[in-house]
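Notes follow once the structure below has been shown.
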Amino acid sequence: MVQSGASVPILQNYIDGQWCTSSAVDCLDVVNPATADRLAKVPLSPGDEVDRAAQAAFTAFQSWRRTPPAKRVQHLFQLKYLMDEHFEDLAQTVTLECGKTLDESKGEIRRAIENVETACGIPMMMQGSNLEDIASGIDEFMIRQPLGVAAVIAPFNFPGMIPFWFMPYALACGNTYIVKPSEKVPLTMQKVFYLLERAGFPPGVVNLVNGAKEAVDAILDHPLIRAISFVGSTPVARYIYSRAAANGKRVQCQGGAKNPVIVLPDADMEMTTRITADSAFGCAGQRCLAASLAITVGEAGKVYSEAIAQAAESRVVGFGLDDGVQMGPVITPESRQRIEQLVQQGIDEGATPLVDGRSPKIPNYEQGNFVRPTVLQNVEPDSEIAKTEIFGPVLSLIHVNTIDEAIALINQGQYGNMACLFTNSGADARKFRYEAEVGNIGINIGVAAPMAFFPFSGWKESFFGDLHGQGQHAIEFFTQTKVVVERWSQKVWSRKF
Ligand code: NAD
């Protein structure tokens with residue numbers, strides 16, 4: 001399944017139930033971000049390999065959609081058991097290629113499995129609706145039918161979880177599927193596809209095409225691909241959304257973020273510090289739900305800034321497979337450089353570095369892309385650092401005098417992925433939940449990640465589309481409704497045979 005012979009394996013594509021060597025001219029190295037070791041090479045597949053996958057998926061769709069839902073989900077049950085069985089290996093692979101700690105990787109794989117479990121409920125979730133006698137003797141039905149071939153284009157930061165926000169629902173609804181993983185972290189999906197193969201899906205129902213822009217553009221333009229899910233940065237999300245929509249496809253694109261947390265003076269400061277430190281520095285800040293701005297109100301300012309600085313300084317940074325490590329590296333040397341430049345820009349704009357995590361020395365991992373947790377104080381709300389997505393372990397502190405000012409600050413931001421409030425006041429919590437213009441809200445929660453049975457509800461520049469991933473939204477995204485209005489002659493009721 002992995003082409004060998006070279007010093008590191010070259011990953012393969014999985015098309016029409018077969019592992020196949022890509023005809024790609026170019027490959028990229030897949031690199032462990034903590035050690036700089038080369039783990040594999042990933043082919044940058046050309047557009048005709050997307051075409052082969054789309055043709056295979058289209059052919060497979062004709063019988064997959066006719067397979068009863070209760071039979072389709074048997075393959076997902078099988079997949080769940082296989083993922084449980086290979087849980088440790090999948091989690092280790094995430095850590096090796098993506099850098100997060102083993103515990104973080106386990107959490108990620110657990111979330112992926114939860115989506116498989118939820119999609120197993122498709123015989124109930126996909127049901128339509130009906131009403132007898134919409135007029136005398138006439139009945140009306142709404143039924144859900146699958147679309148055909150669908151595809152996901154995934155980002156680097158959750159290589160094991162993000163395709164699962166979409167794929168299990170698409171398959172359970174009777175669609176066939178193509179996965180294009182991030183070229184930075186393609187190993188986890190390679191392993192997931194070994195399990196999908198063992199779960200017995202018929203050839204062509206699930207397909208894997210590795211690659212980058214050329215493969216993506218082929219997906220966006222392919223006439224047989226009906227629906228596309230994308231997760232990644234906002235500029236690419238906007239590009240994918242407009243090009244795929246112009247081609248008449250159904251599209252949902254989750255983009256970048258700049259997530260604020262508000263800390264009120266009545267918050268439990270010990271809990272708030274622990275939770276917001278995990279949010280800002282967990283996964284090295286490379287979570288689309290990472291806290292990036294902490295807006296302190298009134299007397300919370302002094303006590304919170306001292307506590308978060310201590311939490312940042314004491315965080316244990318290193319290789320995610322080593323015991324006791326609380327934070328891993330960022331994904332590439334370019335990411336590290338970008339993060340450090342943004343911190344410098346913040347300082348140039350007037351912020352004070354309370355904890356400066358740039359250029360750390362991590363013993364035994366000198367080649368890794370490490371940035372230690374960083375806290376900037378006195379950040380101006382209009383400064384670039386307060387507005388730009390950093391995607392690294394950097395928390396900017398802004399101080400205001402009232403919760404209204406804090407909410408106004410949140411609402412002037414361009415993104416709307418998540419905002420959190422830390423307080424003991426139910427009234428303030430309700431006001432915040434009601435007024436904050438973001439799609440995922442946390443009240444005394446630092447990473448408000450919806451469970452599989454709720455939609456992942458980004459707003460504003462964090463999302464392009466109508467229906468989100470996961471839960472009932474996913475069922476609606478992966479099906480089209482058909483309405484039947486039906487009348488039968490009443491004479492036959494008295495017919496004699
Ligand atoms: P990215 O946008 O660079 O890449 C995402 C995918 O798009 C990859 O598969 C890549 O191959 C492809 N791609 C990149 N540039 C392209 C181009 N010019 N044309 C066509 N395809 C292209 O994102 P990333 O760096 O992998 O991931 C980090 C970003 O993802 C962050 O901005 C983060 O906030 C966001 N993200 C958002 C969510 C969410 O739910 N909103 C979740 C996870 C990550």
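Going by the structure tokens order, chains are called A, B, ..., each with residues numbered from 1, while ligands are numbered from 1 in the order shown.
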Each residue of chain A lying at most 8 Å from ligand 1 should get a row with its shortest atom-to-atom pair and the distance in Å to one decimal, counting only C-alpha atoms and all ligand atoms; could you produce that, ordered by chain and increasing number, as JSON lines?
```
{"residue": "A:Ile153", "atom": "CA", "partner": "ligand 1", "partner_atom_place_in_ligand_line": "9 (O)", "distance": 4.9}
{"residue": "A:Ala154", "atom": "CA", "partner": "ligand 1", "partner_atom_place_in_ligand_line": "9 (O)", "distance": 4.5}
{"residue": "A:Pro155", "atom": "CA", "partner": "ligand 1", "partner_atom_place_in_ligand_line": "26 (O)", "distance": 3.4}
{"residue": "A:Phe156", "atom": "CA", "partner": "ligand 1", "partner_atom_place_in_ligand_line": "26 (O)", "distance": 4.1}
{"residue": "A:Asn157", "atom": "CA", "partner": "ligand 1", "partner_atom_place_in_ligand_line": "27 (O)", "distance": 5.9}
{"residue": "A:Phe158", "atom": "CA", "partner": "ligand 1", "partner_atom_place_in_ligand_line": "43 (C)", "distance": 6.7}
{"residue": "A:Ile162", "atom": "CA", "partner": "ligand 1", "partner_atom_place_in_ligand_line": "43 (C)", "distance": 7.3}
{"residue": "A:Lys180", "atom": "CA", "partner": "ligand 1", "partner_atom_place_in_ligand_line": "9 (O)", "distance": 6.3}
{"residue": "A:Pro181", "atom": "CA", "partner": "ligand 1", "partner_atom_place_in_ligand_line": "9 (O)", "distance": 5.5}
{"residue": "A:Ser182", "atom": "CA", "partner": "ligand 1", "partner_atom_place_in_ligand_line": "9 (O)", "distance": 3.8}
{"residue": "A:Glu183", "atom": "CA", "partner": "ligand 1", "partner_atom_place_in_ligand_line": "11 (O)", "distance": 5.7}
{"residue": "A:Lys184", "atom": "CA", "partner": "ligand 1", "partner_atom_place_in_ligand_line": "26 (O)", "distance": 7.5}
{"residue": "A:Gly211", "atom": "CA", "partner": "ligand 1", "partner_atom_place_in_ligand_line": "11 (O)", "distance": 6.6}
{"residue": "A:Ala212", "atom": "CA", "partner": "ligand 1", "partner_atom_place_in_ligand_line": "11 (O)", "distance": 4.0}
{"residue": "A:Lys213", "atom": "CA", "partner": "ligand 1", "partner_atom_place_in_ligand_line": "20 (C)", "distance": 4.1}
{"residue": "A:Glu214", "atom": "CA", "partner": "ligand 1", "partner_atom_place_in_ligand_line": "20 (C)", "distance": 7.2}
{"residue": "A:Ala215", "atom": "CA", "partner": "ligand 1", "partner_atom_place_in_ligand_line": "21 (N)", "distance": 7.9}
{"residue": "A:Val216", "atom": "CA", "partner": "ligand 1", "partner_atom_place_in_ligand_line": "21 (N)", "distance": 5.1}
{"residue": "A:Asp217", "atom": "CA", "partner": "ligand 1", "partner_atom_place_in_ligand_line": "20 (C)", "distance": 6.1}
{"residue": "A:Phe230", "atom": "CA", "partner": "ligand 1", "partner_atom_place_in_ligand_line": "6 (C)", "distance": 7.2}
{"residue": "A:Val231", "atom": "CA", "partner": "ligand 1", "partner_atom_place_in_ligand_line": "37 (C)", "distance": 5.3}
{"residue": "A:Gly232", "atom": "CA", "partner": "ligand 1", "partner_atom_place_in_ligand_line": "30 (O)", "distance": 3.1}
{"residue": "A:Ser233", "atom": "CA", "partner": "ligand 1", "partner_atom_place_in_ligand_line": "32 (O)", "distance": 3.4}
{"residue": "A:Thr234", "atom": "CA", "partner": "ligand 1", "partner_atom_place_in_ligand_line": "32 (O)", "distance": 6.1}
{"residue": "A:Pro235", "atom": "CA", "partner": "ligand 1", "partner_atom_place_in_ligand_line": "2 (O)", "distance": 7.1}
{"residue": "A:Val236", "atom": "CA", "partner": "ligand 1", "partner_atom_place_in_ligand_line": "2 (O)", "distance": 4.9}
{"residue": "A:Ala237", "atom": "CA", "partner": "ligand 1", "partner_atom_place_in_ligand_line": "2 (O)", "distance": 6.7}
{"residue": "A:Tyr239", "atom": "CA", "partner": "ligand 1", "partner_atom_place_in_ligand_line": "19 (N)", "distance": 7.3}
{"residue": "A:Ile240", "atom": "CA", "partner": "ligand 1", "partner_atom_place_in_ligand_line": "20 (C)", "distance": 7.0}
{"residue": "A:Cys253", "atom": "CA", "partner": "ligand 1", "partner_atom_place_in_ligand_line": "41 (N)", "distance": 7.9}
{"residue": "A:Gln254", "atom": "CA", "partner": "ligand 1", "partner_atom_place_in_ligand_line": "41 (N)", "distance": 4.1}
{"residue": "A:Gly255", "atom": "CA", "partner": "ligand 1", "partner_atom_place_in_ligand_line": "41 (N)", "distance": 4.4}
{"residue": "A:Gly256", "atom": "CA", "partner": "ligand 1", "partner_atom_place_in_ligand_line": "34 (O)", "distance": 3.3}
{"residue": "A:Ala257", "atom": "CA", "partner": "ligand 1", "partner_atom_place_in_ligand_line": "34 (O)", "distance": 5.0}
{"residue": "A:Lys258", "atom": "CA", "partner": "ligand 1", "partner_atom_place_in_ligand_line": "34 (O)", "distance": 8.0}
{"residue": "A:Gln286", "atom": "CA", "partner": "ligand 1", "partner_atom_place_in_ligand_line": "33 (C)", "distance": 7.2}
{"residue": "A:Arg287", "atom": "CA", "partner": "ligand 1", "partner_atom_place_in_ligand_line": "43 (C)", "distance": 6.1}
{"residue": "A:Cys288", "atom": "CA", "partner": "ligand 1", "partner_atom_place_in_ligand_line": "34 (O)", "distance": 4.1}
{"residue": "A:Leu289", "atom": "CA", "partner": "ligand 1", "partner_atom_place_in_ligand_line": "42 (C)", "distance": 7.5}
{"residue": "A:Glu389", "atom": "CA", "partner": "ligand 1", "partner_atom_place_in_ligand_line": "32 (O)", "distance": 7.0}
{"residue": "A:Phe391", "atom": "CA", "partner": "ligand 1", "partner_atom_place_in_ligand_line": "31 (C)", "distance": 6.6}
{"residue": "A:Asn417", "atom": "CA", "partner": "ligand 1", "partner_atom_place_in_ligand_line": "41 (N)", "distance": 6.4}
{"residue": "A:Phe456", "atom": "CA", "partner": "ligand 1", "partner_atom_place_in_ligand_line": "40 (O)", "distance": 6.9}
{"residue": "A:Gly458", "atom": "CA", "partner": "ligand 1", "partner_atom_place_in_ligand_line": "41 (N)", "distance": 6.2}
{"residue": "A:Ser462", "atom": "CA", "partner": "ligand 1", "partner_atom_place_in_ligand_line": "41 (N)", "distance": 5.5}
{"residue": "A:Phe463", "atom": "CA", "partner": "ligand 1", "partner_atom_place_in_ligand_line": "41 (N)", "distance": 6.6}
```
> Gln470 (chain A): which residues within 12 Å, counting only C-alpha atoms, same-chain residues fewer than 3 positions away excluded, as a ChimeraX atom specification?
Replying inline: /A:111-112,114-119,161-170,229,252,449-457,467,473-478
Selection from above, C-alpha atoms, as a PDB file, in the first residue's frame, can you write it?
```pdb
ATOM      1  CA  ARG A 111     -13.875  12.939  18.054  1.00  0.00           C
ATOM      2  CA  ALA A 112     -13.485  11.279  14.662  1.00  0.00           C
ATOM      3  CA  GLU A 114     -17.887   9.987  17.565  1.00  0.00           C
ATOM      4  CA  ASN A 115     -18.829  11.201  14.093  1.00  0.00           C
ATOM      5  CA  VAL A 116     -18.852   7.629  12.793  1.00  0.00           C
ATOM      6  CA  GLU A 117     -21.076   6.616  15.707  1.00  0.00           C
ATOM      7  CA  THR A 118     -23.475   9.486  15.056  1.00  0.00           C
ATOM      8  CA  ALA A 119     -23.727   8.724  11.340  1.00  0.00           C
ATOM      9  CA  MET A 161     -10.696  14.332  12.706  1.00  0.00           C
ATOM     10  CA  ILE A 162     -11.713  16.898  10.118  1.00  0.00           C
ATOM     11  CA  PRO A 163     -12.567  14.558   7.212  1.00  0.00           C
ATOM     12  CA  PHE A 164     -14.873  12.805   9.700  1.00  0.00           C
ATOM     13  CA  TRP A 165     -16.999  15.956  10.125  1.00  0.00           C
ATOM     14  CA  PHE A 166     -18.307  15.067   6.646  1.00  0.00           C
ATOM     15  CA  MET A 167     -17.348  11.642   5.275  1.00  0.00           C
ATOM     16  CA  PRO A 168     -19.400   9.317   7.553  1.00  0.00           C
ATOM     17  CA  TYR A 169     -22.588  11.331   6.931  1.00  0.00           C
ATOM     18  CA  ALA A 170     -21.988  11.513   3.183  1.00  0.00           C
ATOM     19  CA  SER A 229     -16.601  20.418   1.983  1.00  0.00           C
ATOM     20  CA  GLN A 252     -19.501  24.464   2.598  1.00  0.00           C
ATOM     21  CA  ALA A 449     -16.059  22.385  19.970  1.00  0.00           C
ATOM     22  CA  PRO A 450     -19.535  21.035  19.166  1.00  0.00           C
ATOM     23  CA  MET A 451     -20.096  17.322  19.655  1.00  0.00           C
ATOM     24  CA  ALA A 452     -20.746  15.240  16.538  1.00  0.00           C
ATOM     25  CA  PHE A 453     -24.523  15.598  16.898  1.00  0.00           C
ATOM     26  CA  PHE A 454     -24.408  19.430  16.754  1.00  0.00           C
ATOM     27  CA  PRO A 455     -23.324  21.564  13.771  1.00  0.00           C
ATOM     28  CA  PHE A 456     -19.888  23.211  13.813  1.00  0.00           C
ATOM     29  CA  SER A 457     -21.331  26.676  13.408  1.00  0.00           C
ATOM     30  CA  LEU A 467     -25.151  24.197   6.112  1.00  0.00           C
ATOM     31  CA  HIS A 473     -26.714  19.897   9.085  1.00  0.00           C
ATOM     32  CA  ALA A 474     -24.534  17.225   7.479  1.00  0.00           C
ATOM     33  CA  ILE A 475     -27.598  15.149   6.605  1.00  0.00           C
ATOM     34  CA  GLU A 476     -29.161  18.160   4.923  1.00  0.00           C
ATOM     35  CA  PHE A 477     -25.933  19.004   3.107  1.00  0.00           C
ATOM     36  CA  PHE A 478     -25.500  15.488   1.739  1.00  0.00           C
TER      37      PHE A 478
END
```
Would you mind listing what lies within 10 Å of Thr101 (chain A) as a compact mmCIF listing (two decimals) with C-alpha atoms, in the first residue's frame, with only C-alpha atoms counted and same-chain residues fewer than 4 positions away left out?
```txt
# COMPACT_ATOMS: atom_id res chain seq x y z
CA ALA A 91 -3.12 8.84 17.57
CA GLN A 92 0.64 8.28 17.35
CA VAL A 94 -1.23 12.27 14.24
CA THR A 95 1.48 13.26 16.73
CA LEU A 96 4.30 12.19 14.41
CA SER A 105 -4.10 13.28 19.28
CA LYS A 106 -6.15 10.75 21.24
CA GLY A 107 -8.81 13.41 21.80
CA GLY A 282 -2.96 23.50 23.41
CA CYS A 283 -2.08 22.06 19.98
CA ALA A 284 0.51 24.88 19.92
CA VAL A 317 7.18 22.06 25.54
CA GLY A 318 8.70 19.22 23.51
CA PHE A 319 8.06 16.18 21.33
CA GLY A 320 4.45 15.08 21.72
CA LEU A 321 5.29 11.39 22.22
CA ASP A 322 7.52 12.14 25.25
CA ASP A 323 6.00 11.79 28.72
CA GLY A 324 4.87 14.95 30.45
CA VAL A 325 4.98 17.17 27.36
CA GLN A 326 2.11 19.68 27.32
CA MET A 327 2.74 21.41 24.00
CA GLY A 328 4.39 20.39 20.73
CA PRO A 329 5.92 22.31 17.82
```
> Which one of A:Ser279, A:Ser23, A:Thr176, A:Ser489 sits closest to Met418 (chain A) if you count only C-alpha atoms?
Replying inline: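 The closest residue to Met418 (chain A) is A:Ser279.
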> Counting only C-alpha atoms, which of A:Leu293, A:Ala267, A:Asn13, A:Val152 gets nearest to Tyr194 (chain A)?
Replying inline: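 So, comparing all the options, the nearest one is A:Asn13.
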Please provide as a PDB file with C-alpha atoms, in the first residue's frame all residues within 7 Å of region 56-58 of chain A, with the sequence filter that same-chain residues fewer than 6 positions apart are discarded (counting only C-alpha atoms).
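Result written to part_37.pdb:
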```pdb
ATOM      1  CA  ASP A  16     -11.869   2.219  -7.014  1.00  0.00           C
ATOM      2  CA  GLY A 148     -23.895  11.564  -5.893  1.00  0.00           C
ATOM      3  CA  VAL A 149     -20.142  12.085  -5.582  1.00  0.00           C
ATOM      4  CA  THR A 176     -19.756   8.170  -2.656  1.00  0.00           C
ATOM      5  CA  TYR A 177     -16.675  10.046  -1.555  1.00  0.00           C
ATOM      6  CA  GLY A 204     -15.282   3.249  -5.585  1.00  0.00           C
ATOM      7  CA  VAL A 205     -17.421   4.199  -2.586  1.00  0.00           C
ATOM      8  CA  LEU A 224     -19.292  14.534 -11.643  1.00  0.00           C
TER       9      LEU A 224
END
```
> Can you list every residue in region 410-457 of chain A that DSSP puts in helix (DSSP H, G or I), as JSON, numbers by chain?
Replying inline: {"A": [410, 411, 412, 426, 427, 428, 429, 430, 431, 432, 433, 434, 435]}
Go ahead and save the picked residues with N, CA, C and O atoms, as a compact mmCIF listing (two decimals), in the first residue's frame.
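Okay, result25.txt is ready:
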```
# COMPACT_ATOMS: atom_id res chain seq x y z
N ILE A 410 -15.67 42.16 20.27
CA ILE A 410 -15.83 40.87 19.58
C ILE A 410 -16.60 41.06 18.28
O ILE A 410 -16.22 40.55 17.23
N ASN A 411 -17.66 41.85 18.36
CA ASN A 411 -18.54 41.97 17.19
C ASN A 411 -17.93 42.79 16.06
O ASN A 411 -18.37 42.70 14.92
N GLN A 412 -16.88 43.57 16.38
CA GLN A 412 -16.24 44.31 15.28
C GLN A 412 -15.20 43.46 14.56
O GLN A 412 -14.69 43.84 13.51
N GLY A 426 -25.05 34.44 35.81
CA GLY A 426 -25.96 33.92 34.79
C GLY A 426 -26.46 35.03 33.88
O GLY A 426 -26.62 34.84 32.67
N ALA A 427 -26.70 36.21 34.45
CA ALA A 427 -27.24 37.31 33.64
C ALA A 427 -26.21 37.76 32.61
O ALA A 427 -26.55 37.99 31.44
N ASP A 428 -24.94 37.86 33.02
CA ASP A 428 -23.91 38.25 32.05
C ASP A 428 -23.73 37.16 30.99
O ASP A 428 -23.51 37.45 29.82
N ALA A 429 -23.84 35.91 31.43
CA ALA A 429 -23.69 34.80 30.49
C ALA A 429 -24.79 34.85 29.44
O ALA A 429 -24.55 34.67 28.24
N ARG A 430 -26.01 35.13 29.89
CA ARG A 430 -27.13 35.18 28.94
C ARG A 430 -26.96 36.33 27.95
O ARG A 430 -27.17 36.19 26.75
N LYS A 431 -26.57 37.48 28.48
CA LYS A 431 -26.35 38.66 27.62
C LYS A 431 -25.30 38.35 26.55
O LYS A 431 -25.48 38.62 25.36
N PHE A 432 -24.22 37.70 26.98
CA PHE A 432 -23.12 37.38 26.07
C PHE A 432 -23.57 36.39 25.00
O PHE A 432 -23.35 36.58 23.80
N ARG A 433 -24.24 35.34 25.46
CA ARG A 433 -24.70 34.31 24.53
C ARG A 433 -25.65 34.91 23.49
O ARG A 433 -25.65 34.53 22.32
N TYR A 434 -26.45 35.88 23.94
CA TYR A 434 -27.46 36.50 23.09
C TYR A 434 -26.82 37.46 22.07
O TYR A 434 -27.23 37.53 20.92
N GLU A 435 -25.81 38.21 22.52
CA GLU A 435 -25.33 39.34 21.70
C GLU A 435 -24.07 39.04 20.89
O GLU A 435 -23.80 39.71 19.90
```
> Neighbours of region 371-388 of chain A within 9 Å (only C-alpha atoms; same-chain residues fewer than 5 positions away dropped), as a PyMOL selection string?
Replying inline: chain A and resi 257-258+280-281+284-285+292-293+305+308-309+311-313+315-317+327-330+336+339-340+342-343+345-347+349-360+393-399+409+413-415
